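Okay, final.txt now, which holds compact mmCIF, C-alpha atoms and all ligand atoms:
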# COMPACT_ATOMS: atom_id res chain seq x y z
CA MET P 597 22.93 -8.83 6.52
CA LYS P 598 23.40 -5.08 6.62
CA LYS P 599 20.69 -2.79 5.24
CA ASN P 600 20.29 0.97 4.98
CA ILE P 601 16.73 2.02 5.61
CA ALA P 602 15.43 5.53 5.01
CA ILE P 603 12.78 6.29 7.64
CA LEU P 604 10.22 8.92 6.68
CA PRO P 605 7.78 9.26 9.60
CA GLY P 606 5.70 11.95 7.83
CA ASP P 607 2.61 13.54 9.36
CA GLY P 608 -0.08 12.90 11.97
CA ILE P 609 0.29 9.49 13.57
CA GLY P 610 3.21 8.63 11.25
CA PRO P 611 5.99 9.26 13.82
CA GLU P 612 4.24 7.20 16.53
CA ILE P 613 3.60 4.14 14.42
CA ILE P 614 6.98 4.17 12.72
CA GLN P 615 8.65 4.15 16.13
CA GLU P 616 6.90 0.81 16.81
CA ALA P 617 8.00 -0.60 13.46
CA VAL P 618 11.60 0.35 14.25
CA LYS P 619 11.22 -1.34 17.65
CA VAL P 620 10.16 -4.54 15.89
CA LEU P 621 12.95 -4.26 13.29
CA ASP P 622 15.48 -3.86 16.10
CA ALA P 623 14.14 -7.05 17.68
CA VAL P 624 14.48 -8.81 14.31
CA ALA P 625 18.05 -7.52 13.87
CA LYS P 626 18.96 -8.85 17.31
CA ALA P 627 17.29 -12.24 16.92
CA TYR P 628 18.62 -12.92 13.42
CA ASP P 629 21.94 -11.12 13.56
CA HIS P 630 21.33 -8.35 11.03
CA GLU P 631 22.34 -4.70 11.06
CA PHE P 632 19.75 -2.10 10.12
CA ASP P 633 21.00 1.48 9.74
CA TYR P 634 18.29 4.12 9.80
CA THR P 635 18.36 7.58 8.24
CA TYR P 636 15.46 9.77 9.38
CA GLU P 637 14.11 12.44 7.02
CA ASP P 638 10.97 14.57 6.65
CA MET P 639 8.26 14.29 4.04
CA GLY P 640 4.80 15.82 3.71
CA ALA P 641 3.28 18.66 5.74
CA ILE P 642 6.09 18.57 8.29
CA ALA P 643 8.60 19.04 5.46
CA ILE P 644 6.57 21.93 4.02
CA ASP P 645 6.53 23.59 7.45
CA LYS P 646 10.30 23.27 7.77
CA THR P 647 11.49 23.82 4.19
CA GLY P 648 8.54 24.80 1.98
CA ASN P 649 9.01 21.56 0.00
CA PRO P 650 7.01 18.36 0.70
CA LEU P 651 9.93 16.27 -0.61
CA PRO P 652 13.17 18.05 0.39
CA GLU P 653 16.46 17.26 -1.41
CA ALA P 654 17.89 15.49 1.63
CA THR P 655 14.86 13.19 1.82
CA LEU P 656 15.09 12.28 -1.83
CA LYS P 657 18.84 11.70 -1.54
CA ALA P 658 18.53 9.44 1.52
CA SER P 659 15.72 7.52 -0.20
CA LEU P 660 17.68 7.05 -3.44
CA GLU P 661 20.68 5.82 -1.46
CA SER P 662 18.70 3.43 0.72
CA ASP P 663 18.04 -0.29 0.33
CA ALA P 664 14.42 0.50 1.17
CA VAL P 665 12.25 3.34 2.41
CA LEU P 666 9.88 2.94 5.33
CA PHE P 667 7.21 5.61 5.28
CA GLY P 668 4.57 6.48 7.90
CA ALA P 669 1.75 8.70 6.65
CA ILE P 670 1.11 11.96 4.85
CA GLY P 671 -1.47 14.72 5.08
CA ASP P 672 -2.64 17.57 7.24
CA PRO P 673 -6.18 18.96 7.44
CA LYS P 674 -4.92 22.51 6.94
CA TYR P 675 -4.30 21.64 3.26
CA ASP P 676 -7.25 19.33 2.62
CA ASN P 677 -10.03 21.82 2.09
CA ASP P 678 -8.08 24.46 0.23
CA PRO P 679 -8.30 23.84 -3.53
CA ASN P 680 -6.03 26.85 -4.10
CA ALA P 681 -3.12 25.58 -2.00
CA LYS P 682 0.00 25.70 -4.21
CA VAL P 683 1.98 23.10 -2.30
CA ARG P 684 0.35 20.04 -0.76
CA PRO P 685 1.80 17.27 1.40
CA GLU P 686 0.55 14.62 -1.06
CA GLN P 687 2.81 16.06 -3.77
CA GLY P 688 5.73 14.70 -1.74
CA LEU P 689 4.40 11.17 -1.95
CA LEU P 690 3.61 11.39 -5.66
CA ALA P 691 7.05 12.87 -6.34
CA ILE P 692 8.91 10.17 -4.42
CA ARG P 693 6.94 7.42 -6.21
CA LYS P 694 7.95 8.94 -9.55
CA ALA P 695 11.56 9.69 -8.59
CA LEU P 696 12.16 6.17 -7.25
CA GLY P 697 10.29 4.58 -10.18
CA LEU P 698 7.86 2.74 -7.88
CA PHE P 699 5.46 1.56 -10.56
CA CYS P 700 4.07 -1.46 -8.74
CA ASN P 701 1.95 -0.97 -5.64
CA ILE P 702 0.95 -4.13 -3.82
CA ARG P 703 -1.88 -3.99 -1.28
CA PRO P 704 -2.81 -7.26 0.38
CA VAL P 705 -6.36 -7.50 1.71
CA LYS P 706 -6.72 -10.16 4.35
CA THR P 707 -9.13 -10.87 7.14
CA PHE P 708 -7.91 -11.94 10.56
CA ASP P 709 -10.05 -14.66 12.12
CA ALA P 710 -9.94 -12.98 15.53
CA LEU P 711 -11.47 -9.85 14.01
CA LEU P 712 -14.18 -11.15 11.67
CA HIS P 713 -16.89 -9.73 13.93
CA GLN P 714 -15.41 -6.24 13.34
CA SER P 715 -16.05 -6.27 9.61
CA PRO P 716 -18.83 -4.01 8.34
CA LEU P 717 -19.82 -7.01 6.18
CA LYS P 718 -21.39 -10.23 7.38
CA GLU P 719 -18.85 -12.68 8.81
CA GLU P 720 -19.82 -15.49 6.45
CA ARG P 721 -19.15 -13.24 3.44
CA VAL P 722 -15.72 -12.04 4.49
CA LYS P 723 -14.37 -15.24 6.00
CA GLY P 724 -11.38 -16.49 4.03
CA THR P 725 -10.82 -13.25 2.14
CA ASP P 726 -7.19 -13.11 1.09
CA PHE P 727 -6.28 -11.22 -2.05
CA GLU P 728 -3.61 -8.87 -3.33
CA MET P 729 -4.24 -5.73 -5.30
CA TYR P 730 -1.59 -4.78 -7.88
CA ARG P 731 -2.07 -1.08 -8.57
CA GLU P 732 -0.06 0.75 -11.24
CA LEU P 733 1.50 3.68 -9.38
CA THR P 734 3.50 6.01 -11.61
CA GLY P 735 1.26 6.50 -14.65
CA GLY P 736 -2.30 7.06 -15.79
CA ILE P 737 -4.48 9.98 -14.82
CA TYR P 738 -2.37 10.80 -11.76
CA PHE P 739 0.58 11.83 -13.91
CA GLY P 740 -1.04 12.75 -17.25
CA GLU P 741 -1.15 16.31 -18.50
CA LYS P 742 -3.32 18.59 -16.33
CA LYS P 743 -5.03 21.62 -17.80
CA LEU P 744 -7.03 24.50 -16.44
CA SER P 745 -8.37 27.05 -18.90
CA ASP P 746 -7.46 30.71 -18.49
CA ASP P 747 -10.97 31.56 -17.30
CA LYS P 748 -10.66 28.62 -14.85
CA ASN P 749 -14.00 27.18 -16.01
CA THR P 750 -12.68 24.10 -17.82
CA ALA P 751 -10.23 21.49 -16.54
CA SER P 752 -8.91 18.12 -17.68
CA ASP P 753 -6.56 15.33 -16.57
CA LEU P 754 -5.16 13.03 -19.22
CA CYS P 755 -5.20 9.26 -18.59
CA GLN P 756 -2.42 7.82 -20.73
CA TYR P 757 -0.72 4.40 -20.59
CA THR P 758 1.92 2.78 -22.74
CA LYS P 759 2.23 -0.93 -23.50
CA ALA P 760 5.55 -1.01 -21.62
CA GLU P 761 4.01 0.52 -18.49
CA ILE P 762 1.24 -2.09 -18.51
CA GLU P 763 3.57 -4.99 -19.21
CA ARG P 764 6.02 -4.35 -16.38
CA ILE P 765 3.34 -4.41 -13.69
CA ALA P 766 1.37 -7.21 -15.35
CA HIS P 767 4.49 -9.41 -15.24
CA LYS P 768 4.65 -8.91 -11.48
CA ALA P 769 0.93 -9.59 -11.04
CA PHE P 770 0.99 -12.80 -13.10
CA ALA P 771 4.06 -13.97 -11.17
CA ALA P 772 2.30 -13.26 -7.88
CA ALA P 773 -0.79 -15.22 -9.00
CA ARG P 774 1.41 -18.21 -9.84
CA LYS P 775 2.73 -18.26 -6.28
CA ARG P 776 -0.80 -17.99 -4.88
CA ARG P 777 -4.05 -19.54 -6.16
CA ASN P 778 -3.26 -18.85 -9.81
CA VAL P 779 -6.10 -16.46 -10.65
CA LEU P 780 -5.57 -12.94 -11.98
CA THR P 781 -8.46 -10.49 -12.35
CA LEU P 782 -7.88 -7.47 -14.56
CA VAL P 783 -10.03 -4.56 -13.38
CA ASP P 784 -10.72 -1.84 -15.95
CA LYS P 785 -13.40 0.13 -17.75
CA ALA P 786 -12.83 -1.30 -21.22
CA ASN P 787 -16.47 -0.76 -22.17
CA VAL P 788 -15.82 2.99 -22.16
CA LEU P 789 -12.12 3.93 -22.01
CA GLU P 790 -9.54 3.50 -24.78
CA SER P 791 -6.74 3.26 -22.20
CA SER P 792 -8.58 0.34 -20.56
CA ARG P 793 -8.89 -1.41 -23.93
CA LEU P 794 -5.11 -1.15 -24.24
CA TRP P 795 -4.76 -2.80 -20.81
CA ARG P 796 -7.00 -5.64 -21.99
CA ARG P 797 -5.12 -6.20 -25.24
CA VAL P 798 -1.71 -6.12 -23.59
CA VAL P 799 -2.63 -8.34 -20.65
CA THR P 800 -4.49 -10.82 -22.88
CA ALA P 801 -1.49 -11.13 -25.19
CA MET P 802 0.85 -11.74 -22.22
CA HIS P 803 -1.56 -14.37 -20.96
CA GLN P 804 -1.55 -16.19 -24.30
CA GLU P 805 2.20 -15.93 -24.80
CA THR P 806 3.62 -16.53 -21.32
CA TYR P 807 1.07 -17.08 -18.60
CA SER P 808 -1.62 -19.38 -20.04
CA ASP P 809 -1.34 -21.54 -16.91
CA VAL P 810 -2.81 -18.66 -14.87
CA GLU P 811 -6.58 -18.18 -15.01
CA LEU P 812 -7.23 -14.66 -16.33
CA ARG P 813 -10.54 -12.98 -15.52
CA TYR P 814 -11.81 -9.54 -16.54
CA LEU P 815 -14.03 -7.26 -14.49
CA PHE P 816 -15.27 -3.73 -15.11
CA VAL P 817 -14.33 -1.53 -12.18
CA ASP P 818 -17.93 -0.70 -11.22
CA ASN P 819 -18.75 -4.39 -11.05
CA ALA P 820 -15.49 -5.06 -9.18
CA ALA P 821 -16.51 -2.52 -6.53
CA MET P 822 -19.78 -4.42 -6.11
CA GLN P 823 -18.20 -7.90 -6.13
CA MET P 824 -15.76 -6.87 -3.40
CA ILE P 825 -18.74 -6.30 -1.11
CA LEU P 826 -20.81 -9.28 -2.25
CA ALA P 827 -18.07 -11.91 -2.21
CA PRO P 828 -14.60 -10.56 -1.45
CA ASN P 829 -13.25 -14.09 -1.02
CA GLN P 830 -13.56 -14.79 -4.77
CA PHE P 831 -10.40 -12.80 -5.55
CA ASP P 832 -6.76 -13.90 -5.63
CA VAL P 833 -4.71 -11.20 -7.43
CA MET P 834 -6.31 -8.07 -8.86
CA LEU P 835 -4.48 -5.92 -11.41
CA THR P 836 -5.54 -2.38 -12.17
CA SER P 837 -4.54 1.15 -13.12
CA ASN P 838 -3.54 3.95 -10.78
CA LEU P 839 -6.87 5.67 -10.09
CA PHE P 840 -9.05 2.54 -10.04
CA GLY P 841 -6.55 0.94 -7.68
CA ASP P 842 -6.61 3.95 -5.40
CA ILE P 843 -10.38 3.75 -5.08
CA ILE P 844 -10.93 0.03 -4.73
CA SER P 845 -7.99 -0.46 -2.40
CA ASP P 846 -9.66 1.85 0.13
CA GLU P 847 -12.79 -0.24 -0.29
CA GLY P 848 -10.75 -3.39 0.27
CA SER P 849 -9.09 -1.95 3.33
CA VAL P 850 -12.23 -1.97 5.47
CA ILE P 851 -13.31 -5.53 4.64
CA GLY P 852 -11.16 -6.94 7.43
CA GLY P 853 -12.59 -4.65 10.09
CA SER P 854 -9.87 -2.08 10.63
CA ILE P 855 -7.96 0.05 8.14
CA GLY P 856 -5.19 0.06 10.75
CA LEU P 857 -4.13 -3.45 9.80
CA LEU P 858 -3.20 -3.28 6.14
CA PRO P 859 0.32 -2.74 4.82
CA SER P 860 1.57 -1.99 1.31
CA ALA P 861 4.68 -2.23 -0.81
CA SER P 862 5.65 0.01 -3.71
CA ILE P 863 8.29 -1.59 -5.87
CA GLY P 864 10.35 -0.40 -8.84
CA GLU P 865 13.30 -1.81 -10.78
CA THR P 866 15.85 -0.49 -8.27
CA HIS P 867 14.00 0.96 -5.26
CA ALA P 868 11.21 0.05 -2.88
CA LEU P 869 9.04 1.82 -0.35
CA PHE P 870 6.79 0.35 2.32
CA GLU P 871 3.89 2.13 3.99
CA PRO P 872 0.61 1.38 5.72
CA ILE P 873 -2.38 2.01 3.51
CA HIS P 874 -4.15 4.23 6.04
CA GLY P 875 -3.70 7.99 6.23
CA SER P 876 -2.22 10.32 8.82
CA PHE P 877 -5.28 10.27 11.18
CA PRO P 878 -4.48 13.75 12.56
CA GLN P 879 -7.30 13.62 15.14
CA GLY P 880 -5.55 10.61 16.72
CA ALA P 881 -2.02 12.00 16.71
CA GLY P 882 -0.19 12.10 20.05
CA LYS P 883 -2.89 10.17 21.92
CA GLY P 884 -1.32 6.71 21.87
CA ILE P 885 -4.37 5.25 20.15
CA ALA P 886 -2.98 4.74 16.63
CA ASN P 887 -2.80 1.12 15.55
CA PRO P 888 0.84 0.34 14.61
CA ILE P 889 0.05 -3.03 13.01
CA ALA P 890 -0.28 -1.86 9.38
CA MET P 891 3.07 -0.10 9.78
CA ILE P 892 4.67 -3.17 11.37
CA LEU P 893 3.29 -5.43 8.62
CA SER P 894 4.71 -2.96 6.07
CA ALA P 895 8.10 -3.52 7.69
CA ALA P 896 7.45 -7.27 7.33
CA MET P 897 6.86 -6.75 3.58
CA MET P 898 10.19 -4.94 3.50
CA LEU P 899 11.86 -7.96 5.13
CA THR P 900 10.37 -10.20 2.44
CA HIS P 901 11.74 -7.79 -0.16
CA PHE P 902 15.18 -8.26 1.45
CA ASP P 903 14.68 -12.05 1.07
CA MET P 904 14.44 -12.32 4.85
CA ASP P 905 11.53 -14.73 4.71
CA LYS P 906 11.80 -16.32 8.13
CA GLU P 907 12.18 -12.90 9.70
CA ALA P 908 9.03 -11.66 7.94
CA THR P 909 7.19 -14.81 9.02
CA ALA P 910 8.27 -14.20 12.63
CA VAL P 911 6.87 -10.66 12.52
CA ARG P 912 3.56 -11.84 11.05
CA ALA P 913 3.31 -14.60 13.65
CA ALA P 914 3.88 -12.07 16.44
CA VAL P 915 1.13 -9.85 14.97
CA ASP P 916 -1.26 -12.83 14.78
CA LEU P 917 -0.46 -13.62 18.41
CA ALA P 918 -1.15 -10.02 19.47
CA LEU P 919 -4.54 -10.09 17.76
CA ALA P 920 -5.39 -13.54 19.12
CA LYS P 921 -4.56 -12.36 22.65
CA GLY P 922 -6.50 -9.13 22.27
CA VAL P 923 -3.39 -6.95 22.33
CA CYS P 924 -4.42 -4.16 20.00
CA THR P 925 -5.49 -0.53 20.07
CA PRO P 926 -9.00 0.63 21.06
CA GLU P 927 -10.57 0.69 17.59
CA VAL P 928 -10.11 -3.09 17.52
CA PHE P 929 -10.46 -4.05 21.21
CA PRO P 930 -12.06 -1.05 22.98
CA GLU P 931 -12.18 -2.83 26.35
CA ASN P 932 -8.49 -3.80 26.49
CA LYS P 933 -6.86 -0.36 26.78
CA TYR P 934 -3.60 -1.07 24.96
CA THR P 935 -1.64 1.91 23.61
CA THR P 936 0.31 2.18 20.38
CA SER P 937 3.55 1.45 22.19
CA ASP P 938 2.07 -1.46 24.21
CA VAL P 939 1.19 -3.14 20.93
CA GLY P 940 4.69 -2.50 19.53
CA ASP P 941 6.30 -3.83 22.73
CA PHE P 942 4.23 -7.01 22.63
CA ILE P 943 5.09 -7.71 19.00
CA ALA P 944 8.79 -6.90 19.45
CA ASN P 945 8.95 -9.14 22.54
CA ASN P 946 7.44 -12.04 20.61
CA ILE P 947 9.91 -12.14 17.75
CA ALA P 948 11.15 -15.68 18.16
C1 LIG H 1 -2.86 6.32 -1.53
C2 LIG H 1 -3.23 7.74 -1.24
C3 LIG H 1 -2.48 8.65 -2.20
C4 LIG H 1 -2.94 8.31 -3.60
C5 LIG H 1 -2.63 10.15 -1.91
C6 LIG H 1 -2.23 10.49 -0.51
C7 LIG H 1 -1.88 10.98 -2.92
O1 LIG H 1 -4.60 7.92 -1.32
O2 LIG H 1 -1.66 5.98 -1.41
O3 LIG H 1 -3.74 5.54 -1.87
O4 LIG H 1 -3.97 8.82 -4.06
O5 LIG H 1 -2.25 7.52 -4.26
MG MG H 2 -5.66 6.13 -1.63

Any chance you could put this one into structure tokens?
Amino acid sequence: MKKNIAILPGDGIGPEIIQEAVKVLDAVAKAYDHEFDYTYEDMGAIAIDKTGNPLPEATLKASLESDAVLFGAIGDPKYDNDPNAKVRPEQGLLAIRKALGLFCNIRPVKTFDALLHQSPLKEERVKGTDFEMYRELTGGIYFGEKKLSDDKNTASDLCQYTKAEIERIAHKAFAAARKRRNVLTLVDKANVLESSRLWRRVVTAMHQETYSDVELRYLFVDNAAMQMILAPNQFDVMLTSNLFGDIISDEGSVIGGSIGLLPSASIGETHALFEPIHGSFPQGAGKGIANPIAMILSAAMMLTHFDMDKEATAVRAAVDLALAKGVCTPEVFPENKYTTSDVGDFIANNIA
């Protein structure tokens, strides 16, 4: 199969980790006789530095024309602490999500047996944790009307959802639950927010009409945040809105012991983008210490999206082997001294 992939390395450690993902994709192409064509473009702080725009025209064009986008990381400390900055790297990411219609963000949270001791939680609590977060990505408070009064003393962000926006992601979440352990947990704040009550009504109606074979549970987001620490292994598929998903997916990301291990997929009707869930880790850039595994597993999610299931399985197996053999960066195995590119080499060399 031939696929066009837009590669957006982005900021900080993005370029280093994406290089390892490309290494692994090249090994997959060779082993399974595919052709991957890459188009490299800038996004984020690097794009602002070069063009003034965090999502330049050429980047958007290449992404719209691609079969999938592989994206590294975004963000630079020079923008983080300046509330008056007019352009920000993150605007590039939000704009590409909107422009490509990527309404469904999937973030798997999984523990690796070899790394249970690394978790900030007790091993017996995290063992067996394996769930997927379905986060709505192009609506809600992120994209609602923003207001700042003329005297700059009052501000608001509107959280608005339509039935159609809820339904399209809920369909995907119910379908995912059916392929897994058949439990869907809707996370909201329906005791307080009108928009959350709409989520409940819409999802409950879909459950009754189409998905009554799936067990549907409801959880308020504050309780969900607590349950994820107390017993993360109770979850199968979680479904939630944009902001709640942003917050609890960061919480989920540390359960397994390293944020450097978790990939994500952002899917729309016609486009898809794959990125690690961690940030640009600017303090680690250029030192060869960035963990490329979340990026490589994001590439594996892209292969699944291309219906290349055995290829994706081969990548995941090579990652499991690396972790089992202690081949990982210092935040996971401090004594083993493997660099970013050592880890990529090992995984690429073990694609069966
Ligand atoms: C994420 C990030 C983004 C978000 C930022 C970088 C805009 O935190 O993908 O979770 O808030 O969605
Ligand atoms: Mg986030």

query: What do you get as a ChimeraX atom specification if you pick all residues at most 12 Å from ligand MG 2 (chain H), counting all atoms listed in the file?
result: /P:669-671,686,689-690,701,703,731,733,738,838-849,855,860,871-876

Could those selected residues go to a file with C-alpha atoms, as a compact mmCIF listing (two decimals), in the coordinates of the input?
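Below is the file that was written, part.txt:
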# COMPACT_ATOMS: atom_id res chain seq x y z
CA ALA P 669 1.75 8.70 6.65
CA ILE P 670 1.11 11.96 4.85
CA GLY P 671 -1.47 14.72 5.08
CA GLU P 686 0.55 14.62 -1.06
CA LEU P 689 4.40 11.17 -1.95
CA LEU P 690 3.61 11.39 -5.66
CA ASN P 701 1.95 -0.97 -5.64
CA ARG P 703 -1.88 -3.99 -1.28
CA ARG P 731 -2.07 -1.08 -8.57
CA LEU P 733 1.50 3.68 -9.38
CA TYR P 738 -2.37 10.80 -11.76
CA ASN P 838 -3.54 3.95 -10.78
CA LEU P 839 -6.87 5.67 -10.09
CA PHE P 840 -9.05 2.54 -10.04
CA GLY P 841 -6.55 0.94 -7.68
CA ASP P 842 -6.61 3.95 -5.40
CA ILE P 843 -10.38 3.75 -5.08
CA ILE P 844 -10.93 0.03 -4.73
CA SER P 845 -7.99 -0.46 -2.40
CA ASP P 846 -9.66 1.85 0.13
CA GLU P 847 -12.79 -0.24 -0.29
CA GLY P 848 -10.75 -3.39 0.27
CA SER P 849 -9.09 -1.95 3.33
CA ILE P 855 -7.96 0.05 8.14
CA SER P 860 1.57 -1.99 1.31
CA GLU P 871 3.89 2.13 3.99
CA PRO P 872 0.61 1.38 5.72
CA ILE P 873 -2.38 2.01 3.51
CA HIS P 874 -4.15 4.23 6.04
CA GLY P 875 -3.70 7.99 6.23
CA SER P 876 -2.22 10.32 8.82

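You can rank P:Ala773, P:Leu744, P:Lys759, P:Asn778 by their closest distance to Ala801 of chain P using all atoms listed in the file, and at the top of that list sits P:Lys759.
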
Would you compute the box with edges along x, y and z of the file around segment 632-635 of chain P, including every atom the file lists for it and 8 Å extra on each side, and give its centre and edge lengths in Å to one decimal, as JSON?
{"center_x": 19.6, "center_y": 2.7, "center_z": 9.2, "size_x": 18.7, "size_y": 25.7, "size_z": 17.9}

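Checking P:Arg721, P:Lys768, P:His713, P:Lys706 one by one against Leu893 of chain P, counting all atoms listed in the file, you find the shortest gap at P:Lys706.
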
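Picture a line from atom CA of Met834 of chain P to atom CA of Leu780 of chain P; it runs 5.8 Å.
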
query: Looking at only C-alpha atoms and all ligand atoms, which of P:Leu656, P:Val783, P:Ala861, P:Ala664 is the one that sits closest to ligand LIG 1 (chain H)?
result: P:Ala861

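Among P:Thr909, P:Thr836, P:Thr635, P:Gln687, the residue with the shortest atom-to-atom distance to ligand LIG 1 (chain H), counting only C-alpha atoms and all ligand atoms, is P:Gln687.
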